[in-house]
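Colleague: I'd like to ask some things about the structure below.
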Amino acid sequence: MFKRQFNNHSQLIARTLAASAMLASAAAIAFVPASTSRAATGARSASEGGASPGTPTPPPAVIPGVKYMDRTTGWVFPIREVNLIFGPSQWTLDQGVDMGGTSSVCGKRATLLAVDDAVVSGIGISGFGSQSPIIKLTRGPLKGRQVYYGHSNPVLVKKGQRVKRGQAIARIGCGIVGYSSAPHLEIGLYRKGATYCCPSWGETAPALIAILKRMWPTAVARNRQARR
Ligand SMILES: [Zn+2]
């Protein structure tokens, strides 16, 4: 949810800058140098995203409670219409990561996808609306962790349903959904072993935003191809 309201674009930018400063300080703790990680050994496929040629590749994300994570965990980007949403410079840290576009990017224009194979573990989160799904990952380094999609509406799946990576599970809600001032997704990752929403500020979001940023260039390229 937005702790501070965005009433206009300049506030959004101010908030983004503040969040970037926070991320920079968090990064000192959240990241390890690439040279000391297994990412340097090439334990990933080229199709799994990362920076475009010429862009320095940031080091891998470190999630509290997970020994090692590859560059993107093998996830699918959580929003299908990446051409309509704002890019990484506009994402902000919350308990999760806030991502949005203009106020019309919602409903059928903004489909939310399961980041990986999972079971729908819950629907509806206080402060995020009654249609916000939570999925429990069933594979990968974050197997067993739950991921929430705040401010969704409508949800497209049922509690207990198995979902595949990339499956549509909800839409970004239009208007005000939970504590929010504009349509957006707050995607967040539960702490290890946590059974209730949500993580505290700064707990998992810095690592999550690092993963999402790594996925972004590939998500954009795939989207461009798909729309051709
Ligand atoms: Zn938020």
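By convention in this document, the chains of the structure tokens carry letters A, B, ... by their order, each chain's residues are numbered from 1, and ligands are numbered from 1 in the order they are shown.
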How would you write, as a PyMOL selection string, the set of residues no farther than 9 Å from ligand 1 when counting only C-alpha atoms and all ligand atoms?

Modeller: chain A and resi 1-3+92-99+128+150-151+179-180+184-187

Colleague: I'd like the neighbourhood of Arg162 in chain A as a list in words, where a residue qualifies if any of its atoms comes within 10 Å (using only C-alpha atoms), though same-chain residues fewer than 6 positions away should be ignored.

Modeller: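 Close residues of Arg162 in chain A: Asp117, Ala118, Val119, Val120, Ser121, Ile135, Lys136, Leu137 and Thr138 of chain A.
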
Colleague: Those same residues - C-alpha atoms - I'd like them written as an mmCIF file, in the first residue's frame.

Modeller:
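Dumped to part.cif:
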data_model
loop_
_atom_site.group_PDB
_atom_site.id
_atom_site.type_symbol
_atom_site.label_atom_id
_atom_site.label_comp_id
_atom_site.auth_asym_id
_atom_site.auth_seq_id
_atom_site.Cartn_x
_atom_site.Cartn_y
_atom_site.Cartn_z
ATOM 1 C CA ASP A 117 4.359 -22.464 -10.147
ATOM 2 C CA ALA A 118 2.369 -22.120 -6.968
ATOM 3 C CA VAL A 119 -0.780 -22.850 -5.015
ATOM 4 C CA VAL A 120 -3.213 -20.034 -4.298
ATOM 5 C CA SER A 121 -2.892 -19.891 -0.530
ATOM 6 C CA ILE A 135 0.386 -17.632 -3.804
ATOM 7 C CA LYS A 136 2.697 -20.152 -2.181
ATOM 8 C CA LEU A 137 5.584 -21.085 -4.453
ATOM 9 C CA THR A 138 5.982 -24.798 -5.116
#

Colleague: Which parts of range 75-163 of chain A does DSSP call strand (DSSP E or B) when run on the backbone here, written out as a PyMOL selection string?

Modeller: chain A and resi 79+85+92-93+97-101+111-113+118-125+129-137+146-150+152-155+162-163

Colleague: Measuring between only C-alpha atoms, which one of A:Gly178, A:Gly173, A:Gly74, A:Pro88 shows the shortest distance to Trp216 in chain A?

Modeller: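 Ranked by minimum distance to Trp216 in chain A, first place goes to A:Pro88.
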
Colleague: Taking only C-alpha atoms into account, name the residue in A:Lys158, A:Arg222, A:Arg171, A:Lys213 that is nearest to Ser89 in chain A.

Modeller: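 Selected residue with least distance to Ser89 in chain A: A:Lys213.
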
Colleague: Could you name the residues that touch Arg165 in chain A at 10 Å or less, counting only C-alpha atoms, but leaving out those on the same chain fewer than 2 positions away, as a count of residues only?

Modeller: 15

Colleague: Pick out the closest residue to Pro199 in chain A from this set: A:Val147, A:Leu112, A:Val220, A:Val82. Count only C-alpha atoms.

Modeller: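 The closest residue to Pro199 in chain A is A:Val147.
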
Colleague: With distances taken over only C-alpha atoms, which of A:Gly193, A:Pro154, A:Pro206, A:Pro217 is nearest to Cys174 in chain A?

Modeller: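 Closest candidate: A:Pro154.
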
Colleague: As an exercise, work out the distance from CA of Ile209 in chain A to CA of Gly160 in chain A in Å and give it to one decimal place.

Modeller: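 For CA of Ile209 in chain A relative to CA of Gly160 in chain A, the distance reads 27.2 Å.
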
Colleague: So which bits of range 56-223 of chain A end up helix (DSSP H, G or I) when you DSSP the backbone, as an mmCIF file with C-alpha atoms, in the first residue's frame?

Modeller:
data_model
loop_
_atom_site.group_PDB
_atom_site.id
_atom_site.type_symbol
_atom_site.label_atom_id
_atom_site.label_comp_id
_atom_site.auth_asym_id
_atom_site.auth_seq_id
_atom_site.Cartn_x
_atom_site.Cartn_y
_atom_site.Cartn_z
ATOM 1 C CA PRO A 88 12.137 0.591 -12.569
ATOM 2 C CA SER A 89 13.047 4.223 -11.847
ATOM 3 C CA GLN A 90 9.436 4.760 -10.751
ATOM 4 C CA GLY A 107 -8.535 -3.928 -15.059
ATOM 5 C CA LYS A 108 -8.264 -5.684 -18.427
ATOM 6 C CA ARG A 109 -5.288 -3.517 -19.353
ATOM 7 C CA ALA A 205 11.478 -5.656 -0.488
ATOM 8 C CA PRO A 206 15.072 -4.558 -1.302
ATOM 9 C CA ALA A 207 15.924 -8.050 -2.527
ATOM 10 C CA LEU A 208 12.595 -8.358 -4.331
ATOM 11 C CA ILE A 209 13.073 -5.088 -6.191
ATOM 12 C CA ALA A 210 16.541 -6.284 -7.239
ATOM 13 C CA ILE A 211 15.011 -9.433 -8.746
ATOM 14 C CA LEU A 212 12.311 -7.453 -10.540
ATOM 15 C CA LYS A 213 14.841 -5.007 -11.954
ATOM 16 C CA ARG A 214 16.861 -7.873 -13.385
ATOM 17 C CA MET A 215 13.750 -9.276 -15.042
ATOM 18 C CA TRP A 216 12.627 -5.982 -16.523
ATOM 19 C CA PRO A 217 14.740 -5.808 -19.741
ATOM 20 C CA THR A 218 13.735 -9.338 -20.756
ATOM 21 C CA ALA A 219 10.094 -8.719 -19.901
ATOM 22 C CA VAL A 220 10.109 -5.619 -22.108
ATOM 23 C CA ALA A 221 11.824 -7.424 -24.987
ATOM 24 C CA ARG A 222 9.405 -10.366 -24.826
ATOM 25 C CA ASN A 223 6.435 -8.057 -24.693
#

Colleague: Take CA of Tyr190 in chain A and CA of Glu203 in chain A and report the distance between them in Å, one decimal.

Modeller: 9.0 Å

Colleague: Using only C-alpha atoms, which of A:Cys198, A:Ile176, A:Ala226, A:Leu156 sits nearest Pro133 in chain A?

Modeller: A:Leu156

Colleague: Would you please work out which residue, of A:Ser152, A:Ser126, A:Gln146, A:Ser104, is nearest to Thr204 in chain A when using only C-alpha atoms?

Modeller: A:Gln146
